[in-house]
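Everything on this sheet refers to the single structure shown next.
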Amino acid sequence: MLEFKLEGEFIPMIQLLKAMNQVPSGGEAQIVVEAGLVKYNGEVDLRKRLKVRRGDIVEFKGQKIKVT
């Protein structure tokens with residue numbers, strides 16, 4: 001499991017995917033979220049601007065990212 005240390009209150013889903021090098025660009029991050037390829041706390045979530053906060057777990061391509 002990868003870990004992302006959150007600096008502020010939240011990070012938008014597409015920015016998290018980009019920051020963790022899971023996608024090469026923000027545009028591709030939007031595409032994979034809209035396609036239902038990303039899970040947020042175990043559920044598919046189609047919101048690109050979803051506010052990911054500490055304690056959340058994001059899954060993409062079999063990789064889990066825990067936000068701390």
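A note on labels: chains of the structure tokens are A, B, ... as shown, every chain counts residues from 1, and ligands are counted from 1 in their shown order.
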Original post:
What's the 10 Å shell around stretch 51-57 of chain A, counting only C-alpha atoms, without same-chain residues fewer than 6 positions away, as a list in words?
Top reply: Met1, Leu2, Glu3, Phe4, Lys5, Leu6, Glu7, Gly8, Glu9, Phe10, Ile11, Pro12, Met13, Ile14, Gln15, Leu16, Lys39, Tyr40, Asn41, Gly42, Lys64, Ile65, Lys66, Val67 and Thr68 of chain A
**OP:** Just the strand (DSSP E) stuff from chain A, please, per backbone DSSP, written as a PyMOL selection string.
**Re:** chain A and resi 2-4+11-12+38-40+43-44+51-52+57-60+63-67
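Comparing the minimum interatomic distances between A:Val58 and each of A:Gln30, A:Val23, A:Val44, A:Ala35, counting only C-alpha atoms, we find that A:Val44 sits nearest.
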Original post:
Any idea what's packed within 12 Å of A:Glu28, counting only C-alpha atoms, ignoring anything in its chain fewer than 4 positions away? Could you give it as a PyMOL selection string?
Top reply: chain A and resi 14-15+17-18+21-24+32-35+37+48
Original post:
chain A: which residues are alpha helix (DSSP H) by DSSP, as a PyMOL selection string?
Top reply: chain A and resi 13-19+26-34
Original post:
What is the atom CA of A:Asp45-atom CA of A:Ala29 distance in Å, reported with one decimal?
Top reply: 12.9 Å
